[in-house]
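Next comes structure_6.txt, a file with compact mmCIF, C-alpha atoms and all ligand atoms.
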# COMPACT_ATOMS: atom_id res chain seq x y z
CA MET A 1033 -25.05 -33.45 2.68
CA VAL A 1034 -22.78 -30.46 2.47
CA THR A 1035 -23.38 -27.99 5.25
CA ILE A 1036 -21.88 -24.61 5.99
CA GLU A 1037 -20.16 -26.09 9.06
CA LYS A 1038 -18.55 -28.78 6.92
CA ILE A 1039 -17.25 -26.21 4.46
CA TRP A 1040 -15.65 -24.18 7.24
CA LYS A 1041 -14.00 -27.41 8.37
CA PHE A 1042 -12.80 -28.20 4.84
CA LEU A 1043 -11.27 -24.74 4.51
CA GLU A 1044 -8.92 -25.55 7.39
CA GLU A 1045 -7.07 -27.66 4.82
CA VAL A 1046 -6.21 -24.63 2.65
CA ALA A 1047 -2.78 -23.37 3.70
CA ASP A 1048 -1.37 -19.89 3.34
CA PRO A 1049 1.25 -20.32 0.58
CA GLU A 1050 3.78 -18.07 2.31
CA ILE A 1051 3.34 -19.47 5.84
CA PRO A 1052 2.23 -23.04 5.12
CA VAL A 1053 1.70 -23.96 8.80
CA LEU A 1054 -1.21 -21.50 8.88
CA SER A 1055 -4.53 -22.35 7.32
CA ILE A 1056 -6.57 -19.55 5.83
CA ILE A 1057 -8.93 -20.05 8.80
CA ASP A 1058 -6.06 -19.51 11.29
CA LEU A 1059 -5.06 -16.41 9.38
CA GLY A 1060 -8.60 -15.06 9.52
CA VAL A 1061 -8.96 -14.21 5.84
CA VAL A 1062 -12.20 -16.18 5.35
CA ARG A 1063 -15.05 -13.81 6.15
CA ASP A 1064 -18.11 -15.77 5.18
CA VAL A 1065 -19.40 -19.03 3.76
CA ALA A 1066 -22.87 -19.13 2.21
CA LEU A 1067 -24.80 -21.92 0.56
CA ASN A 1068 -27.83 -21.38 -1.62
CA ASP A 1069 -29.40 -22.93 -4.71
CA ASN A 1070 -26.52 -25.32 -5.15
CA GLN A 1071 -24.05 -22.47 -5.09
CA CYS A 1072 -21.31 -22.11 -2.53
CA LEU A 1073 -19.98 -18.60 -1.98
CA VAL A 1074 -16.78 -18.13 0.03
CA THR A 1075 -15.86 -14.54 0.93
CA ILE A 1076 -12.21 -13.74 1.59
CA THR A 1077 -10.22 -10.60 2.42
CA PRO A 1078 -6.52 -9.81 1.83
CA THR A 1079 -4.02 -9.24 4.64
CA TYR A 1080 -2.34 -6.41 2.68
CA SER A 1081 -3.58 -4.64 -0.48
CA GLY A 1082 -0.75 -6.10 -2.51
CA CYS A 1083 -0.92 -9.61 -1.05
CA PRO A 1084 0.22 -11.75 -3.99
CA ALA A 1085 -1.33 -14.89 -2.50
CA MET A 1086 -4.99 -13.98 -2.98
CA LYS A 1087 -5.42 -15.45 -6.45
CA TYR A 1088 -3.58 -18.59 -5.37
CA ILE A 1089 -5.78 -18.93 -2.28
CA GLU A 1090 -8.89 -18.46 -4.40
CA ASN A 1091 -7.81 -21.27 -6.74
CA GLN A 1092 -6.94 -23.54 -3.80
CA ILE A 1093 -10.38 -23.00 -2.24
CA ILE A 1094 -12.15 -23.88 -5.47
CA GLU A 1095 -9.95 -26.90 -6.12
CA LEU A 1096 -10.31 -28.27 -2.59
CA LEU A 1097 -14.05 -27.79 -2.27
CA GLU A 1098 -14.68 -29.35 -5.67
CA MET A 1099 -12.56 -32.30 -4.66
CA LYS A 1100 -14.78 -32.63 -1.57
CA GLY A 1101 -17.82 -32.75 -3.82
CA VAL A 1102 -19.02 -29.17 -3.40
CA THR A 1103 -20.22 -27.90 -6.75
CA ASN A 1104 -20.41 -24.41 -8.20
CA VAL A 1105 -17.94 -22.75 -5.86
CA GLN A 1106 -17.49 -18.99 -6.14
CA VAL A 1107 -14.96 -16.87 -4.29
CA LYS A 1108 -15.69 -13.26 -3.55
CA HIS A 1109 -13.09 -10.71 -2.39
CA VAL A 1110 -14.00 -7.95 0.07
CA LEU A 1111 -11.86 -5.21 1.62
CA SER A 1112 -14.11 -4.00 4.39
CA PRO A 1113 -13.98 -4.47 7.31
CA ALA A 1114 -10.25 -4.43 6.72
CA TRP A 1115 -8.20 -7.36 7.97
CA THR A 1116 -6.09 -6.74 11.06
CA THR A 1117 -3.77 -9.08 12.95
CA ASP A 1118 -6.56 -9.49 15.52
CA TRP A 1119 -8.17 -11.87 13.03
CA ILE A 1120 -5.37 -14.43 13.53
CA SER A 1121 -6.76 -17.22 15.72
CA GLU A 1122 -5.23 -18.41 19.00
CA SER A 1123 -4.20 -21.69 17.41
CA GLY A 1124 -2.73 -19.67 14.51
CA ARG A 1125 -0.56 -17.73 16.96
CA LYS A 1126 0.69 -20.98 18.52
CA LYS A 1127 1.49 -22.46 15.12
CA LEU A 1128 3.42 -19.34 14.10
CA LEU A 1129 5.57 -19.52 17.22
CA GLU A 1130 6.28 -23.23 16.72
CA TYR A 1131 7.24 -22.49 13.12
CA GLY A 1132 9.79 -19.88 14.26
CA ILE A 1133 7.83 -16.71 13.50
CA ALA A 1134 7.04 -14.47 16.45
CA PRO A 1135 3.27 -13.81 16.51
CA PRO A 1136 1.97 -10.21 16.62
CA VAL A 1137 2.05 -8.47 20.00
CA ASP A 1138 0.54 -5.15 21.01
CA GLU A 1139 0.71 -2.34 18.56
CA VAL A 1140 3.13 0.52 19.00
CA ASP A 1141 1.64 3.86 17.96
CA LYS A 1142 3.09 4.44 14.50
CA SER A 1143 2.68 8.21 14.73
CA ILE A 1144 5.42 8.31 17.39
CA LEU A 1145 8.68 8.43 15.48
CA PHE A 1146 11.66 6.45 16.75
CA ALA A 1147 9.45 4.87 19.42
CA ASP A 1148 10.83 1.69 20.98
CA ALA A 1149 10.03 -1.30 18.80
CA PRO A 1150 7.48 -3.71 20.28
CA LYS A 1151 8.95 -6.18 22.79
CA VAL A 1152 9.01 -9.46 20.92
CA ALA A 1153 10.30 -12.68 22.52
CA CYS A 1154 12.70 -14.83 20.49
CA PRO A 1155 10.79 -17.81 19.07
CA LYS A 1156 13.92 -19.99 19.32
CA CYS A 1157 15.12 -19.45 22.92
CA GLY A 1158 12.37 -17.34 24.47
CA SER A 1159 14.67 -14.45 25.41
CA GLU A 1160 13.03 -11.06 25.58
CA SER A 1161 16.29 -9.36 24.74
CA THR A 1162 15.74 -8.85 21.02
CA ARG A 1163 16.09 -5.97 18.57
CA MET A 1164 14.26 -4.93 15.46
CA ILE A 1165 16.50 -4.91 12.39
CA SER A 1166 13.89 -3.59 9.98
CA LEU A 1167 10.22 -2.69 10.03
CA PHE A 1168 9.92 -4.50 6.69
CA GLY A 1169 10.66 -8.15 6.07
CA SER A 1170 10.47 -11.11 3.72
CA THR A 1171 6.75 -10.52 3.09
CA ALA A 1172 4.48 -7.51 3.57
CA CYS A 1173 3.23 -8.85 6.90
CA LYS A 1174 6.59 -9.34 8.61
CA ALA A 1175 9.38 -7.33 10.25
CA GLN A 1176 12.93 -8.56 10.82
CA TYR A 1177 14.26 -9.08 14.33
CA GLN A 1178 17.35 -10.52 15.93
CA CYS A 1179 17.79 -12.19 19.31
CA LYS A 1180 20.57 -10.63 21.38
CA ASP A 1181 21.04 -13.83 23.42
CA CYS A 1182 21.11 -16.68 20.90
CA LEU A 1183 21.88 -14.22 18.05
CA GLU A 1184 19.37 -15.89 15.71
CA PRO A 1185 17.60 -13.59 13.27
CA PHE A 1186 13.87 -14.21 13.08
CA ASP A 1187 10.66 -12.99 11.46
CA TYR A 1188 8.06 -11.11 13.47
CA PHE A 1189 4.48 -11.13 12.19
CA LYS A 1190 3.98 -7.42 12.65
CA CYS A 1191 0.88 -5.89 14.11
CA LEU A 1192 -1.52 -4.38 11.61
CA LYS A 1193 -4.41 -2.36 13.02
CA MET B 706 -21.08 5.88 -16.40
CA ASN B 707 -20.13 8.57 -13.92
CA LYS B 708 -17.18 10.19 -15.73
CA GLU B 709 -16.12 12.31 -12.80
CA LEU B 710 -16.16 9.38 -10.39
CA PHE B 711 -14.09 7.35 -12.84
CA GLU B 712 -11.54 10.14 -13.03
CA TYR B 713 -11.47 10.56 -9.25
CA VAL B 714 -10.65 6.87 -8.77
CA ILE B 715 -8.11 6.90 -11.61
CA ARG B 716 -6.23 9.77 -9.95
CA ILE B 717 -5.70 7.85 -6.73
CA ALA B 718 -4.89 4.69 -8.66
CA ASP B 719 -2.33 6.44 -10.87
CA ASP B 720 -0.56 8.01 -7.88
CA SER B 721 -0.15 4.56 -6.34
CA LEU B 722 0.78 2.88 -9.61
CA ILE B 723 3.43 5.35 -10.73
CA LEU B 724 5.04 5.70 -7.30
CA GLY B 725 4.96 1.91 -6.93
CA GLN B 726 6.68 1.56 -10.29
CA ARG B 727 9.29 4.14 -9.29
CA LEU B 728 10.02 2.42 -5.97
CA SER B 729 10.33 -0.96 -7.64
CA GLU B 730 13.25 0.47 -9.64
CA TRP B 731 15.15 0.20 -6.34
CA CYS B 732 14.80 -3.59 -6.34
CA GLY B 733 18.35 -4.92 -6.07
CA HIS B 734 19.83 -1.41 -5.76
CA GLY B 735 18.97 -0.41 -2.17
CA PRO B 736 21.82 1.09 -0.14
CA ILE B 737 21.44 -1.73 2.40
CA LEU B 738 19.50 -4.99 2.17
CA GLU B 739 16.88 -3.91 4.73
CA GLU B 740 16.07 -0.76 2.77
CA ASP B 741 15.96 -2.64 -0.51
CA ILE B 742 13.32 -4.86 1.09
CA ALA B 743 11.52 -1.90 2.69
CA LEU B 744 11.22 0.08 -0.55
CA THR B 745 10.01 -2.90 -2.55
CA ASN B 746 7.52 -3.83 0.18
CA ILE B 747 6.12 -0.31 0.01
CA ALA B 748 6.03 -0.62 -3.78
CA LEU B 749 4.00 -3.82 -3.40
CA ASP B 750 1.48 -2.11 -1.09
CA LEU B 751 1.10 0.72 -3.61
CA ILE B 752 0.65 -1.61 -6.58
CA GLY B 753 -1.92 -3.54 -4.53
CA GLN B 754 -3.85 -0.35 -3.80
CA ALA B 755 -3.67 0.55 -7.48
CA THR B 756 -5.04 -2.88 -8.44
CA ASN B 757 -8.05 -2.48 -6.14
CA LEU B 758 -8.70 1.01 -7.50
CA PHE B 759 -8.33 0.04 -11.17
CA GLU B 760 -10.70 -2.88 -10.65
CA TYR B 761 -13.27 -0.47 -9.28
CA ALA B 762 -12.61 2.06 -12.05
CA SER B 763 -13.18 -0.73 -14.56
CA GLN B 764 -16.57 -1.43 -12.95
CA ILE B 765 -17.51 2.25 -13.04
CA GLU B 766 -16.60 2.37 -16.70
CA GLY B 767 -18.84 -0.61 -17.36
CA GLY B 768 -16.14 -3.19 -17.95
CA ASP B 769 -14.89 -1.94 -21.33
CA ARG B 770 -11.35 -2.21 -20.04
CA ASN B 771 -10.11 -4.42 -17.21
CA ALA B 772 -7.71 -3.31 -14.46
CA ASP B 773 -4.61 -4.39 -16.41
CA GLN B 774 -5.70 -2.52 -19.52
CA LEU B 775 -6.29 0.62 -17.47
CA ALA B 776 -2.87 0.31 -15.86
CA PHE B 777 -0.85 -0.63 -18.91
CA LEU B 778 -2.58 0.53 -22.06
CA ARG B 779 -3.36 4.20 -21.65
CA PHE B 780 -1.32 7.00 -23.20
CA ASP B 781 0.61 9.50 -21.07
CA ARG B 782 -2.01 12.25 -21.42
CA GLU B 783 -4.60 9.91 -19.90
CA TYR B 784 -2.66 9.45 -16.64
CA ARG B 785 -3.83 11.63 -13.78
CA ASN B 786 -1.02 11.13 -11.26
CA LEU B 787 0.78 13.93 -9.44
CA LEU B 788 4.00 15.25 -10.95
CA LEU B 789 5.66 14.51 -7.60
CA VAL B 790 5.35 10.72 -7.91
CA GLU B 791 6.83 10.56 -11.41
CA GLN B 792 10.02 12.42 -10.45
CA PRO B 793 13.14 10.26 -10.81
CA ASN B 794 14.44 8.30 -7.81
CA GLY B 795 17.70 10.27 -7.65
CA ASP B 796 19.69 9.18 -4.62
CA PHE B 797 18.27 7.44 -1.56
CA GLY B 798 17.56 10.81 0.09
CA ASP B 799 15.65 12.09 -2.96
CA THR B 800 13.51 8.94 -2.94
CA LEU B 801 12.78 9.16 0.78
CA MET B 802 11.98 12.89 0.63
CA ARG B 803 9.58 12.29 -2.29
CA GLN B 804 8.03 9.44 -0.30
CA PHE B 805 7.72 11.54 2.85
CA LEU B 806 6.00 14.47 1.12
CA PHE B 807 3.58 12.00 -0.48
CA ASP B 808 2.93 9.81 2.60
CA ALA B 809 2.28 12.91 4.70
CA PHE B 810 -0.49 13.74 2.20
CA ARG B 811 -1.84 10.22 1.82
CA LYS B 812 -2.42 9.62 5.53
CA PRO B 813 -4.87 12.49 6.19
CA PHE B 814 -6.37 11.94 2.73
CA PHE B 815 -7.24 8.29 3.40
CA GLU B 816 -8.36 9.12 6.95
CA ARG B 817 -11.00 11.43 5.51
CA LEU B 818 -11.77 9.34 2.44
CA ILE B 819 -13.02 6.53 4.72
CA ALA B 820 -16.00 8.75 5.56
CA CYS B 821 -17.10 9.02 1.92
CA THR B 822 -20.45 7.58 0.87
CA ASP B 823 -19.08 5.22 -1.78
CA LEU B 824 -18.56 1.95 0.10
CA GLN B 825 -16.06 0.56 -2.37
CA ILE B 826 -13.80 3.62 -2.15
CA SER B 827 -14.25 3.79 1.62
CA GLY B 828 -13.16 0.13 1.91
CA ILE B 829 -10.07 0.72 -0.20
CA ALA B 830 -9.20 3.80 1.89
CA GLU B 831 -9.64 1.86 5.14
CA LYS B 832 -7.32 -0.87 3.89
CA SER B 833 -4.74 1.50 2.39
CA LEU B 834 -4.56 3.72 5.48
CA LYS B 835 -3.19 0.89 7.59
CA GLU B 836 -0.32 0.46 5.14
CA THR B 837 0.24 4.19 4.71
CA LYS B 838 0.87 4.60 8.45
CA TYR B 839 3.84 2.22 8.15
CA HIS B 840 5.10 4.05 5.06
CA LEU B 841 4.89 7.46 6.73
CA LYS B 842 6.72 6.28 9.84
CA HIS B 843 9.47 4.83 7.66
CA SER B 844 9.91 7.88 5.42
CA SER B 845 9.64 10.40 8.32
CA GLU B 846 12.33 8.63 10.32
CA TRP B 847 14.68 8.57 7.32
CA VAL B 848 14.15 12.27 6.62
CA ILE B 849 15.07 13.00 10.25
CA ARG B 850 18.04 10.62 10.24
CA LEU B 851 19.49 12.12 7.06
CA GLY B 852 18.62 15.75 7.85
CA ASP B 853 19.95 15.58 11.39
CA GLY B 854 22.80 13.27 10.35
CA THR B 855 26.17 14.27 8.93
CA GLU B 856 26.94 17.51 7.13
CA GLU B 857 26.97 15.60 3.87
CA SER B 858 23.59 13.88 4.44
CA HIS B 859 22.07 17.13 5.71
CA ASN B 860 23.13 19.13 2.66
CA ARG B 861 22.03 16.45 0.25
CA ILE B 862 18.56 15.96 1.68
CA GLN B 863 18.07 19.73 1.96
CA ASN B 864 18.75 19.78 -1.79
CA SER B 865 16.20 16.99 -2.28
CA LEU B 866 13.63 19.04 -0.38
CA ASP B 867 14.46 22.20 -2.32
CA SER B 868 14.01 20.50 -5.68
CA LEU B 869 10.84 18.55 -4.76
CA TRP B 870 9.03 21.35 -2.93
CA ARG B 871 7.80 22.83 -6.21
CA TYR B 872 5.58 19.77 -6.73
CA THR B 873 3.79 19.97 -3.39
CA ASP B 874 1.09 22.53 -4.15
CA GLU B 875 -0.27 20.10 -6.68
CA LEU B 876 -1.12 17.64 -3.89
CA PHE B 877 -4.07 19.92 -3.15
CA PHE B 878 -5.09 20.71 -6.70
CA GLU B 879 -8.83 20.60 -7.33
CA ASN B 880 -10.76 20.98 -10.55
CA GLN B 881 -14.34 20.48 -11.75
CA VAL B 882 -14.12 16.78 -10.88
CA ASP B 883 -13.99 17.71 -7.22
CA ALA B 884 -16.60 20.41 -7.61
CA VAL B 885 -19.07 17.93 -9.08
CA LEU B 886 -18.42 15.09 -6.60
CA LEU B 887 -17.44 16.59 -3.27
CA ASP B 888 -20.85 17.10 -1.72
CA ASP B 889 -22.58 14.05 -3.17
CA PHE B 890 -19.88 11.64 -2.10
CA ASN B 891 -18.54 13.45 0.95
CA PHE B 892 -15.03 13.31 -0.47
CA PRO B 893 -12.23 15.10 1.42
CA LYS B 894 -11.74 18.82 0.89
CA LEU B 895 -8.12 19.07 -0.13
CA SER B 896 -7.71 22.55 1.34
CA GLU B 897 -8.47 21.07 4.77
CA ILE B 898 -5.97 18.28 4.21
CA LYS B 899 -3.33 20.86 3.38
CA GLU B 900 -3.46 22.14 6.97
CA ASP B 901 -2.81 18.66 8.37
CA TRP B 902 -0.11 18.03 5.81
CA LEU B 903 1.75 21.27 6.45
CA LYS B 904 1.61 20.84 10.21
CA ASN B 905 3.09 17.35 10.07
CA VAL B 906 5.64 18.23 7.39
CA GLU B 907 6.90 21.22 9.36
CA LEU B 908 7.16 19.13 12.51
CA VAL B 909 9.31 16.48 10.83
CA LEU B 910 11.44 18.97 8.88
CA ASP B 911 12.07 20.90 12.06
CA GLU B 912 13.19 17.74 13.84
CA ALA B 913 15.37 17.02 10.80
CA THR B 914 16.92 20.52 11.05
CA LEU B 915 15.80 21.18 7.47
CA ALA B 916 14.52 24.52 6.22
CA VAL B 917 11.19 24.78 4.42
CA PRO B 918 12.04 26.29 1.01
CA ASP B 919 10.78 29.82 0.55
CA ASN B 920 10.56 29.50 -3.21
CA ASN B 921 6.93 29.84 -4.21
CA TRP B 922 7.26 28.71 -7.80
CA GLN B 923 5.03 25.67 -8.14
CA PHE B 924 4.31 23.23 -10.97
CA LYS B 925 1.01 21.59 -11.70
CA GLY B 926 -0.64 19.71 -14.57
CA GLY B 927 -0.53 16.04 -13.59
CA ARG B 928 -4.19 15.93 -12.55
CA GLU B 929 -5.14 17.19 -16.03
CA GLY B 930 -2.80 14.87 -17.92
CA LEU B 931 0.02 17.34 -18.50
CA HIS B 932 3.13 15.58 -17.27
CA SER B 933 6.86 16.10 -17.00
CA GLU B 934 9.15 14.36 -19.49
CA HIS B 935 9.71 11.58 -16.93
CA LEU B 936 6.29 9.95 -17.23
CA GLY B 937 6.82 8.92 -20.85
CA LYS B 938 10.00 7.11 -19.89
CA ILE B 939 8.29 5.31 -17.01
CA LEU B 940 5.48 4.21 -19.31
CA ALA B 941 7.90 3.05 -22.01
CA GLU B 942 9.34 0.60 -19.53
CA MET B 943 6.16 -0.24 -17.64
CA GLN B 944 4.02 -0.83 -20.71
CA PHE B 945 6.60 -2.63 -22.81
CA MET B 946 5.42 -6.19 -22.13
CA GLN B 947 1.71 -5.47 -22.71
CA ARG B 948 2.43 -3.56 -25.90
CA ALA B 949 4.92 -6.09 -27.27
CA TYR B 950 2.89 -9.14 -26.24
CA PRO B 951 -0.76 -8.02 -26.00
CA ASN B 952 -2.79 -9.79 -23.29
CA MET B 953 0.20 -11.65 -21.90
CA GLU B 954 -0.13 -12.90 -18.34
CA TRP B 955 2.40 -14.24 -15.87
ZN ZN C 1 17.04 -16.32 21.01
Could you express the structure from this file as structure tokens?
Ligand SMILES: [Zn+2]
Amino acid sequence: MVTIEKIWKFLEEVADPEIPVLSIIDLGVVRDVALNDNQCLVTITPTYSGCPAMKYIENQIIELLEMKGVTNVQVKHVLSPAWTTDWISESGRKKLLEYGIAPPVDEVDKSILFADAPKVACPKCGSESTRMISLFGSTACKAQYQCKDCLEPFDYFKCLK
Amino acid sequence: MNKELFEYVIRIADDSLILGQRLSEWCGHGPILEEDIALTNIALDLIGQATNLFEYASQIEGGDRNADQLAFLRFDREYRNLLLVEQPNGDFGDTLMRQFLFDAFRKPFFERLIACTDLQISGIAEKSLKETKYHLKHSSEWVIRLGDGTEESHNRIQNSLDSLWRYTDELFFENQVDAVLLDDFNFPKLSEIKEDWLKNVELVLDEATLAVPDNNWQFKGGREGLHSEHLGKILAEMQFMQRAYPNMEW
């Protein structure tokens, strides 16, 4: 029998297309799973308004759950409460680091101009001597950093709150 | 359908869409790689906001037209965006000044829009505000860097400010749409937002050693569908694919 718990478990197999080490559960974009009258409703929320992965994720959810024998799968999109980086799970943060992307750290107040960039440790060598190259990066959710010790450039999953 | 509510949503959507389209013209042309990426990332946020808003506008209208049809198949007189966002990119300073004047409006606007009684609009505002804070930080810092930079950068961005200032009164333009909706939906009063906007703009311009223009000549018309010559050219490019190949999808 398909249960809500099982569906949550299944959804761990759906990867974020841009950061494939993260499942959509790690990323915290699945808000709700409901089962009633042979219908399965999965509610998801985007990381950023323009996240181009949402349609892809929706199709992956439907494809995977149908493969697992869940019938009549619907995916609903909601915006509120808005996603923040707090929704990324602990295991998601570990996986990001192992993958070479620095996970989000505390937010710096964006209303303070030219404030020091958040202190982000280098995911390659662990050095805390790093600098922000740009507030914007390869995807909407990342900033670009460089390590001053090993000189490697790296992505930082920037804080969104 | 609630015609006023439809128009209210279309206004916000059109501002995001047209500015997003403008910024995406920078793709591959940024002065440095990081700024190329920054401007196109901001464009993506804006297009995303527009998508959410057009989807809701489509619902309000009763589904006659979907979000893509609203974005790509209206005529210029049906667009309700501000004249400011349709102004040409010019140089990097012109683009960043246009962005700054707009972001400084969008932040207090979304902050207050969250409190409206329409849950869909409130949700979109909540989401968009988080992105807008990044945009405003980025554009403010560039205005300061260029204004308080070299003599050349200072003079050029002062010129940008002087030529764009005439489109800023329109940010706070209200018509009968606002009169009908404001109380029922608890939408922001634009006159109140103007105070926040002016305070922040003056703070940043002061830091940037730029002078607020004293010219009081102001243009308006965008909110009523009366646009500058630039909108038609944007639409010619933006709508080309949908008009040439109706219903095409990527
Ligand atoms: Zn390092």
Restricting to all atoms listed in the file, whichever of B:Phe810, B:Phe759, B:Trp847, B:Phe877 is closest to Gly798 of chain B is B:Trp847
To one decimal place in Å, what is the distance between atom CA of Ser833 of chain B and atom CA of Ile1094 of chain A?
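Distance reported for this atom pair: 27.6 Å.
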6 Å contacts from chain B to chain A using only C-alpha atoms, as a count of residues only
8
So that each row is one residue of chain A with an atom at most 6 Å from ligand ZN 1 (chain C), can you give its shortest atom pair and the distance in Å to one decimal, using only C-alpha atoms and all ligand atoms, rows by chain and rising number, as CSV?
residue,atom,partner,partner_atom,distance
A:Cys1154,CA,C:ZN1,ZN,4.6
A:Lys1156,CA,C:ZN1,ZN,5.1
A:Cys1157,CA,C:ZN1,ZN,4.1
A:Gly1158,CA,C:ZN1,ZN,5.9
A:Ser1159,CA,C:ZN1,ZN,5.3
A:Cys1179,CA,C:ZN1,ZN,4.5
A:Asp1181,CA,C:ZN1,ZN,5.3
A:Cys1182,CA,C:ZN1,ZN,4.1
A:Glu1184,CA,C:ZN1,ZN,5.8
Quick one: residues within 6 Å of segment 1132-1139 of chain A, all atoms listed in the file, excluding same-chain residues fewer than 4 positions away - as a PyMOL selection string?
chain A and resi 1125+1128+1155+1187-1191
Would you compute the distance between atom CA of Arg782 of chain B and atom CA of Asp867 of chain B? Give it in Å to one decimal.
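Taking atom CA of Arg782 of chain B and atom CA of Asp867 of chain B, their separation equals 27.1 Å.
Picture a line from atom CA of Ser933 of chain B to atom CA of Tyr784 of chain B; it runs 11.6 Å.
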